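See structure below.
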Amino acid sequence: MMADSAGTAGCRWAGVVVPAAARIQLTTDFCRDCGASLTDGAISERSSTGAMTGSLMPAGAERRQLTVMFCDLVGSTALASRLDPEDLREVLGEYHKDVARAVGRFDGFVAKYMGDGVVTYFGYPQAHEDDAERAVRAGFKIVAIPRLVPAAPGGTLRVRVGIATGLVVVGDLVGAGESYERGVVGETPNLAARLQALAEPGDVIIDARTHRLTGGGFDYEQLGELELKGFAAPVAAWRVRGEAVVDSRFEALHPAATLTPLVGREQEIELILRRWEQARKGEGQVVLLIGEPGIGKSRLSVAFQERLIDGACVRLRYFCSPHHQDSALYPTIMQLERAAGFERDDTPEIKFHKLEALLTRTSSPSAEMTLLAEFLQIPAGDLYTPSELDPQRKKEETFEALLRQLTAIARHPS
Ligand SMILES: Nc1ncnc2c1ncn2[C@@H]1O[C@H](COP(=O)(O)OP(=O)(O)OP(=O)(O)O)[C@@H](O)[C@H]1O
Ligand SMILES: [Mg+2]
């Protein structure tokens with residue numbers, strides 16, 4: 001088992017004491033600035049020709065990859081003819097606030113409000129490795145917010161979202177004060193706007209680069225090659241159906257076929273394999289892998305798992321997500337949902353039966369079934385009677401049920 005814990009941990013269910021954790025601190029022998037080896041003494045001077053500055057680029061302008069999201073309210077023209085301008089202003093104000101909140105949550109930047117259209121950037125001013133994913137998540141939040149406006153066609157206001165990623169030049173376009181604007185020049189904003197215009201109400205449409213960057217993190221529907229006004233060649237586009245049920249973010253973004261061969265790390269793998277052998281002999285072990293972002297922690301854990309070829313083990317994997325930091329039990333919930341085989345369109349009844357089938361394997365009593373169904377937020381309906389425990393007691397009993405699951409699997413790993 002690998003976990004982010006150190007020191008001695010006790011398991012009161014199995015009576016097994018886990019000895020002190022092995023700590024592996026991953027480091028690199030290369031200079032982080034220039035990439036030169038620090039061990040062979042050949043540290044070269046950094047080239048000064050890398051950045052585009054001076055005469056090539058106006059001051060304050062920058063060439064960078066950006067994900068642009070374009071949101072638009074559906075049917076706002078019809079609404080404008082039905083609503084008093086003051087009421088319309090209120091509706092638009094609420095919508096702008098929703099967009100700003102969703103974009104802010106994923107560290108994006110609202111660049112411009114254009115009536116009912118909003119242009120936002122992900123990757124500016126602050127860049128993140130997963131800006132494309134952040135944009136898609138923000139887009140989903142925005143289309144999912146219910147906007148009940150009686151004067152709107154059908155009584156609700158819907159939003160369409162288009163997202164595109166590409167190289168742009170970002171910088172001060174014109175003006176100062178009120179008209180000051182951080183403009184973006186390039187094809188990407190136009191593409192985002194065109195994709196938005198093609199979206200059905202409530203849909204999020206993305207371009208090829210956003211699709212590639214978000215990897216297996218979402219389920220998509222391919223829309224084929226689309227003819228877009230102003231674009232010489234047809235453009236590939238996808239509709240995002242929702243978040244994919246993925247085990248590991250690393251594996252979703254790096255399919256095995258695309259991984260380059262593992263370099264070095266033999267010693268670290270040897271160490272983990274030795275700990276694994278000890279664990280198999282009954283001396284439970286915890287291995288803690290720590291190191292800077294991108295240094296290869298996930299890759300190392302995948303390489304270790306590939307060496308477990310004898311199959312005589314059950315692998316339980318719990319993954320945190322930077323986008324679910326407000327839910328402490330998110331890794332446990334997702335693990336249970338994956339183990340039960342929940343799918344996006346499953347009804348509460350199907351989910352309940354899938355959970356039941358999973359728990360039957362470990363002969364769990366029905367009180368546990370109720371607790372875990374509530375834990376996974378399966379609506380009770382006629383399926384089960386919600387427990388009447390007070391919240392604190394319910395939490396304790398849920399934790400105990402989860403622990404009993406773990407020890408039951410560990411005792412009979414088949
Ligand atoms: N020893 C290695 N040999 C070959 N490729 C490697 C090695 N270590 C890491 N990589 C590659 O470097 C990239 C970053 O590695 P990885 O995602 O495992 O880092 P990480 O430490 O888990 O980062 P984070 O803290 O952001 O999760 C991946 O594409 C991975 O395949
Ligand atoms: Mg990682």
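A note on labels: chains of the structure tokens are A, B, ... as shown, every chain counts residues from 1, and ligands are counted from 1 in their shown order.
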Practice item. Could you please extract the residues within 12 Å of ligand 1, counting only C-alpha atoms and all ligand atoms, and hand them back as a PyMOL selection string? Key: chain A and resi 24-29+128-130+248-269+289-304+319-322
Output as an mmCIF file with C-alpha atoms, in the first residue's frame all residues of stretch 220-316 of chain A that backbone DSSP marks as strand (DSSP E).
data_model
loop_
_atom_site.group_PDB
_atom_site.id
_atom_site.type_symbol
_atom_site.label_atom_id
_atom_site.label_comp_id
_atom_site.auth_asym_id
_atom_site.auth_seq_id
_atom_site.Cartn_x
_atom_site.Cartn_y
_atom_site.Cartn_z
ATOM 1 C CA TYR A 220 -16.866 13.283 -25.633
ATOM 2 C CA GLU A 221 -19.086 13.057 -28.646
ATOM 3 C CA GLN A 222 -17.215 13.673 -31.869
ATOM 4 C CA LEU A 223 -18.982 16.187 -34.089
ATOM 5 C CA GLY A 224 -16.756 15.570 -37.105
ATOM 6 C CA GLU A 225 -15.128 18.211 -39.262
ATOM 7 C CA LEU A 226 -17.132 21.427 -39.297
ATOM 8 C CA VAL A 235 -12.320 22.214 -38.028
ATOM 9 C CA ALA A 236 -12.688 19.126 -35.825
ATOM 10 C CA ALA A 237 -14.945 19.618 -32.810
ATOM 11 C CA TRP A 238 -16.277 17.613 -29.882
ATOM 12 C CA ARG A 239 -19.222 17.969 -27.535
ATOM 13 C CA VAL A 240 -18.258 17.260 -23.935
ATOM 14 C CA ARG A 241 -20.746 14.854 -22.358
ATOM 15 C CA GLY A 242 -19.362 15.011 -18.832
ATOM 16 C CA GLU A 243 -16.559 13.988 -16.549
ATOM 17 C CA VAL A 287 5.696 3.744 1.211
ATOM 18 C CA LEU A 288 5.562 7.512 0.976
ATOM 19 C CA LEU A 289 6.705 9.064 -2.317
ATOM 20 C CA ILE A 290 7.449 12.753 -2.138
#
Practice item. Mind checking which residues fall within 10 Å of A:Gln377, counting only C-alpha atoms, ignoring those fewer than 4 positions away in the same chain, and posting them as a list in words? Key: Ile333, Pro348, Leu371, Leu372 and Ala373 of chain A
Could you turn the residues from that selection into a file that holds N, CA, C and O atoms, as a PDB file, in the first residue's frame?
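Contents of result_18.pdb, as written:
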ATOM      1  N   ILE A 333     -15.116   8.064  -2.096  1.00  0.00           N
ATOM      2  CA  ILE A 333     -16.384   7.984  -2.837  1.00  0.00           C
ATOM      3  C   ILE A 333     -16.117   7.472  -4.254  1.00  0.00           C
ATOM      4  O   ILE A 333     -16.780   6.559  -4.747  1.00  0.00           O
ATOM      5  N   PRO A 348     -30.956   5.806  -9.982  1.00  0.00           N
ATOM      6  CA  PRO A 348     -30.668   5.474  -8.578  1.00  0.00           C
ATOM      7  C   PRO A 348     -30.859   3.982  -8.318  1.00  0.00           C
ATOM      8  O   PRO A 348     -30.087   3.362  -7.594  1.00  0.00           O
ATOM      9  N   LEU A 371     -26.008   2.748   4.937  1.00  0.00           N
ATOM     10  CA  LEU A 371     -25.031   3.808   5.216  1.00  0.00           C
ATOM     11  C   LEU A 371     -24.227   4.163   3.962  1.00  0.00           C
ATOM     12  O   LEU A 371     -24.008   5.336   3.646  1.00  0.00           O
ATOM     13  N   LEU A 372     -23.790   3.126   3.244  1.00  0.00           N
ATOM     14  CA  LEU A 372     -22.944   3.392   2.079  1.00  0.00           C
ATOM     15  C   LEU A 372     -23.752   3.948   0.904  1.00  0.00           C
ATOM     16  O   LEU A 372     -23.245   4.740   0.122  1.00  0.00           O
ATOM     17  N   ALA A 373     -25.027   3.561   0.819  1.00  0.00           N
ATOM     18  CA  ALA A 373     -25.880   4.151  -0.228  1.00  0.00           C
ATOM     19  C   ALA A 373     -26.047   5.646   0.044  1.00  0.00           C
ATOM     20  O   ALA A 373     -25.978   6.471  -0.866  1.00  0.00           O
TER      21      ALA A 373
END
Check your understanding: Which neighbours of A:Val91 fall inside 10 Å, counting only C-alpha atoms, when residues of the same chain fewer than 3 positions from it are skipped, and could you give them as a ChimeraX atom specification?
Key -> /A:79,83,85-88,94-96,116,147-149,157
Kindly export the residues of the current selection with all heavy atoms, as a compact mmCIF listing (two decimals), in the first residue's frame.
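So the final result, stored in part_13.txt, reads:
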# COMPACT_ATOMS: atom_id res chain seq x y z
N LEU A 79 -35.68 37.82 -25.25
CA LEU A 79 -35.92 38.24 -23.86
C LEU A 79 -35.93 39.77 -23.75
O LEU A 79 -36.76 40.35 -23.06
CB LEU A 79 -34.82 37.65 -22.97
CG LEU A 79 -35.05 37.73 -21.48
CD1 LEU A 79 -36.24 36.86 -21.09
CD2 LEU A 79 -33.81 37.28 -20.73
N LEU A 83 -38.81 41.91 -21.80
CA LEU A 83 -38.55 42.40 -20.43
C LEU A 83 -38.30 43.90 -20.41
O LEU A 83 -37.75 44.46 -21.36
CB LEU A 83 -37.31 41.71 -19.87
CG LEU A 83 -37.45 40.34 -19.21
CD1 LEU A 83 -36.11 39.94 -18.62
CD2 LEU A 83 -38.51 40.35 -18.12
N PRO A 85 -36.14 46.99 -19.56
CA PRO A 85 -34.67 47.04 -19.55
C PRO A 85 -34.07 46.87 -18.15
O PRO A 85 -33.02 46.27 -17.98
CB PRO A 85 -34.34 48.42 -20.12
CG PRO A 85 -35.53 48.81 -20.91
CD PRO A 85 -36.71 48.13 -20.30
N GLU A 86 -34.76 47.38 -17.13
CA GLU A 86 -34.19 47.25 -15.78
C GLU A 86 -34.20 45.80 -15.31
O GLU A 86 -33.26 45.32 -14.68
CB GLU A 86 -34.97 48.11 -14.80
CG GLU A 86 -34.68 49.56 -15.05
CD GLU A 86 -34.95 50.43 -13.84
OE1 GLU A 86 -35.23 49.87 -12.76
OE2 GLU A 86 -34.90 51.65 -13.99
N ASP A 87 -35.27 45.09 -15.66
CA ASP A 87 -35.33 43.67 -15.29
C ASP A 87 -34.29 42.88 -16.07
O ASP A 87 -33.66 41.97 -15.55
CB ASP A 87 -36.73 43.10 -15.56
CG ASP A 87 -37.77 43.75 -14.66
OD1 ASP A 87 -37.37 44.25 -13.60
OD2 ASP A 87 -38.95 43.79 -15.05
N LEU A 88 -34.14 43.27 -17.34
CA LEU A 88 -33.16 42.59 -18.18
C LEU A 88 -31.76 42.79 -17.60
O LEU A 88 -30.94 41.86 -17.54
CB LEU A 88 -33.22 43.14 -19.61
CG LEU A 88 -32.25 42.49 -20.59
CD1 LEU A 88 -32.60 41.03 -20.82
CD2 LEU A 88 -32.27 43.22 -21.94
N GLU A 94 -27.02 38.87 -12.91
CA GLU A 94 -26.94 37.58 -12.21
C GLU A 94 -26.11 36.59 -13.01
O GLU A 94 -25.27 35.86 -12.49
CB GLU A 94 -28.35 37.00 -11.99
CG GLU A 94 -29.08 37.59 -10.83
CD GLU A 94 -28.30 37.52 -9.53
OE1 GLU A 94 -27.82 36.43 -9.21
OE2 GLU A 94 -28.16 38.56 -8.85
N TYR A 95 -26.36 36.58 -14.33
CA TYR A 95 -25.65 35.65 -15.21
C TYR A 95 -24.15 35.98 -15.22
O TYR A 95 -23.30 35.10 -15.11
CB TYR A 95 -26.30 35.74 -16.60
CG TYR A 95 -25.45 35.35 -17.76
CD1 TYR A 95 -25.11 34.02 -17.99
CD2 TYR A 95 -25.00 36.31 -18.67
CE1 TYR A 95 -24.34 33.67 -19.09
CE2 TYR A 95 -24.24 35.97 -19.76
CZ TYR A 95 -23.90 34.65 -19.97
OH TYR A 95 -23.14 34.30 -21.04
N HIS A 96 -23.82 37.27 -15.32
CA HIS A 96 -22.40 37.67 -15.29
C HIS A 96 -21.75 37.22 -13.99
O HIS A 96 -20.61 36.76 -13.98
CB HIS A 96 -22.26 39.19 -15.44
CG HIS A 96 -22.54 39.65 -16.84
ND1 HIS A 96 -22.77 40.97 -17.14
CD2 HIS A 96 -22.63 38.98 -18.01
CE1 HIS A 96 -22.98 41.09 -18.45
NE2 HIS A 96 -22.91 39.88 -18.99
N ASP A 116 -24.67 39.78 -23.58
CA ASP A 116 -24.89 38.45 -23.02
C ASP A 116 -23.74 37.48 -23.34
O ASP A 116 -23.79 36.32 -22.99
CB ASP A 116 -26.22 37.88 -23.50
CG ASP A 116 -26.24 37.74 -25.01
OD1 ASP A 116 -25.43 38.43 -25.67
OD2 ASP A 116 -27.04 36.95 -25.51
N ARG A 147 -31.39 28.70 -14.50
CA ARG A 147 -31.76 30.12 -14.53
C ARG A 147 -33.23 30.23 -14.87
O ARG A 147 -33.60 30.21 -16.04
CB ARG A 147 -30.93 30.88 -15.56
CG ARG A 147 -29.47 30.87 -15.28
CD ARG A 147 -28.65 31.65 -16.26
NE ARG A 147 -27.27 31.58 -15.84
CZ ARG A 147 -26.46 30.56 -16.09
NH1 ARG A 147 -26.91 29.55 -16.78
NH2 ARG A 147 -25.23 30.56 -15.64
N LEU A 148 -34.04 30.29 -13.83
CA LEU A 148 -35.48 30.34 -14.06
C LEU A 148 -35.90 31.79 -14.30
O LEU A 148 -35.82 32.62 -13.40
CB LEU A 148 -36.22 29.76 -12.84
CG LEU A 148 -35.85 28.31 -12.52
CD1 LEU A 148 -36.50 27.84 -11.23
CD2 LEU A 148 -36.26 27.38 -13.68
N VAL A 149 -36.30 32.07 -15.53
CA VAL A 149 -36.75 33.42 -15.87
C VAL A 149 -38.08 33.25 -16.63
O VAL A 149 -38.09 32.82 -17.78
CB VAL A 149 -35.71 34.14 -16.77
CG1 VAL A 149 -36.21 35.51 -17.16
CG2 VAL A 149 -34.37 34.22 -16.07
N LEU A 157 -33.45 30.18 -18.84
CA LEU A 157 -32.42 30.72 -19.71
C LEU A 157 -31.30 29.70 -19.81
O LEU A 157 -30.81 29.22 -18.79
CB LEU A 157 -31.86 32.02 -19.12
CG LEU A 157 -32.55 33.30 -19.50
CD1 LEU A 157 -31.81 34.47 -18.89
CD2 LEU A 157 -32.59 33.46 -21.02
Review point. Any idea what's packed within 8 Å of stretch 200-213 of chain A, counting only C-alpha atoms, ignoring anything in its chain fewer than 5 positions away? Could you give it as a PyMOL selection string?
Key: chain A and resi 67+74+130+132-133+136+139-140+143-144+158-166+191-192+195+235-240+253
Include N, CA, C and O atoms and write out the residues we just selected as a compact mmCIF listing (two decimals), in the first residue's frame.
# COMPACT_ATOMS: atom_id res chain seq x y z
N THR A 67 -6.21 29.05 -23.41
CA THR A 67 -7.52 28.44 -23.67
C THR A 67 -8.56 29.55 -23.51
O THR A 67 -8.59 30.23 -22.48
N VAL A 74 -28.67 31.97 -24.49
CA VAL A 74 -29.54 31.64 -25.62
C VAL A 74 -30.84 32.45 -25.52
O VAL A 74 -31.41 32.55 -24.44
N ASP A 130 -3.01 22.51 -16.36
CA ASP A 130 -4.27 21.94 -16.80
C ASP A 130 -5.29 23.02 -17.14
O ASP A 130 -6.47 22.89 -16.82
N ALA A 132 -6.69 23.82 -19.96
CA ALA A 132 -7.78 23.37 -20.85
C ALA A 132 -8.85 22.65 -20.02
O ALA A 132 -10.05 22.89 -20.17
N GLU A 133 -8.40 21.80 -19.10
CA GLU A 133 -9.34 21.08 -18.24
C GLU A 133 -10.11 22.05 -17.36
O GLU A 133 -11.32 21.90 -17.15
N VAL A 136 -12.91 23.60 -19.34
CA VAL A 136 -14.05 22.70 -19.56
C VAL A 136 -14.87 22.57 -18.27
O VAL A 136 -16.11 22.62 -18.29
N GLY A 139 -16.87 25.69 -17.83
CA GLY A 139 -17.95 25.70 -18.81
C GLY A 139 -19.12 24.85 -18.33
O GLY A 139 -20.29 25.26 -18.40
N PHE A 140 -18.80 23.68 -17.79
CA PHE A 140 -19.84 22.78 -17.28
C PHE A 140 -20.60 23.39 -16.13
O PHE A 140 -21.82 23.26 -16.03
N VAL A 143 -23.06 26.06 -17.63
CA VAL A 143 -24.28 25.58 -18.31
C VAL A 143 -25.22 24.85 -17.35
O VAL A 143 -26.41 24.75 -17.60
N ALA A 144 -24.66 24.36 -16.23
CA ALA A 144 -25.50 23.57 -15.31
C ALA A 144 -26.31 24.44 -14.36
O ALA A 144 -27.26 23.95 -13.74
N ARG A 158 -30.89 29.37 -21.01
CA ARG A 158 -29.81 28.41 -21.19
C ARG A 158 -28.58 29.12 -21.73
O ARG A 158 -28.68 30.21 -22.29
N VAL A 159 -27.43 28.46 -21.56
CA VAL A 159 -26.18 29.06 -22.01
C VAL A 159 -25.49 28.10 -22.97
O VAL A 159 -25.63 26.87 -22.84
N ARG A 160 -24.76 28.65 -23.93
CA ARG A 160 -23.94 27.83 -24.83
C ARG A 160 -22.48 28.20 -24.59
O ARG A 160 -22.18 29.37 -24.34
N VAL A 161 -21.60 27.19 -24.69
CA VAL A 161 -20.19 27.46 -24.42
C VAL A 161 -19.32 26.88 -25.54
O VAL A 161 -19.53 25.75 -25.97
N GLY A 162 -18.35 27.68 -26.00
CA GLY A 162 -17.35 27.20 -26.97
C GLY A 162 -15.97 27.40 -26.38
O GLY A 162 -15.71 28.44 -25.76
N ILE A 163 -15.10 26.40 -26.55
CA ILE A 163 -13.75 26.50 -25.96
C ILE A 163 -12.72 26.12 -27.01
O ILE A 163 -12.87 25.11 -27.71
N ALA A 164 -11.66 26.93 -27.11
CA ALA A 164 -10.57 26.60 -28.04
C ALA A 164 -9.24 26.94 -27.39
O ALA A 164 -9.16 27.84 -26.55
N THR A 165 -8.20 26.20 -27.78
CA THR A 165 -6.87 26.42 -27.22
C THR A 165 -5.89 26.65 -28.35
O THR A 165 -5.95 25.96 -29.37
N GLY A 166 -4.98 27.60 -28.18
CA GLY A 166 -3.97 27.82 -29.22
C GLY A 166 -3.02 28.94 -28.84
O GLY A 166 -3.15 29.56 -27.77
N LEU A 191 -12.18 31.07 -32.99
CA LEU A 191 -12.61 29.67 -33.03
C LEU A 191 -13.56 29.37 -31.87
O LEU A 191 -14.61 28.74 -32.05
N ALA A 192 -13.21 29.87 -30.67
CA ALA A 192 -14.08 29.64 -29.50
C ALA A 192 -15.46 30.24 -29.76
O ALA A 192 -16.49 29.61 -29.47
N LEU A 195 -17.40 28.10 -32.33
CA LEU A 195 -17.86 26.83 -31.74
C LEU A 195 -19.05 27.07 -30.83
O LEU A 195 -20.01 26.30 -30.81
N VAL A 235 -12.90 22.27 -39.38
CA VAL A 235 -12.32 22.21 -38.03
C VAL A 235 -12.97 21.07 -37.25
O VAL A 235 -14.20 20.95 -37.24
N ALA A 236 -12.15 20.24 -36.62
CA ALA A 236 -12.69 19.13 -35.82
C ALA A 236 -13.22 19.66 -34.49
O ALA A 236 -12.61 20.55 -33.90
N ALA A 237 -14.36 19.14 -34.08
CA ALA A 237 -14.94 19.62 -32.81
C ALA A 237 -15.59 18.46 -32.06
O ALA A 237 -15.95 17.45 -32.65
N TRP A 238 -15.69 18.64 -30.75
CA TRP A 238 -16.28 17.61 -29.88
C TRP A 238 -17.26 18.26 -28.93
O TRP A 238 -17.04 19.40 -28.48
N ARG A 239 -18.32 17.53 -28.60
CA ARG A 239 -19.22 17.97 -27.54
C ARG A 239 -18.80 17.22 -26.28
O ARG A 239 -18.56 16.01 -26.34
N VAL A 240 -18.67 17.93 -25.17
CA VAL A 240 -18.26 17.26 -23.93
C VAL A 240 -19.51 16.75 -23.23
O VAL A 240 -20.42 17.51 -22.95
N LEU A 253 -4.28 10.90 -18.78
CA LEU A 253 -3.56 11.88 -19.60
C LEU A 253 -2.35 11.28 -20.31
O LEU A 253 -1.82 11.87 -21.24
**Study point:** Picked from stretch 73-303 of chain A by DSSP as helix (DSSP H, G or I), as a ChimeraX atom specification
**Key:** /A:76-82,85-105,131-144,153-155,177-179,188-198,208-217,249-253,256-258,266-280,297-303
Point to revise | Surrounding residues of A:Arg404 excluding itself and chain neighbours under 5 positions, 9 Å, only C-alpha atoms, as a list in words | key: Trp13, Thr362, Ser364, Phe399 and Ile409 of chain A
Review point. Hey, what's within 8 Å of A:Asp131 if we count only C-alpha atoms and toss same-chain stuff fewer than 6 positions away? As a VMD selection string, please?
Key: chain A and resid 66 to 67 122 to 123
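Comparing the minimum interatomic distances between A:Arg361 and each of A:Ala339, A:Met114, A:Leu329, A:Ala152, counting only C-alpha atoms, we find that A:Ala339 sits nearest.
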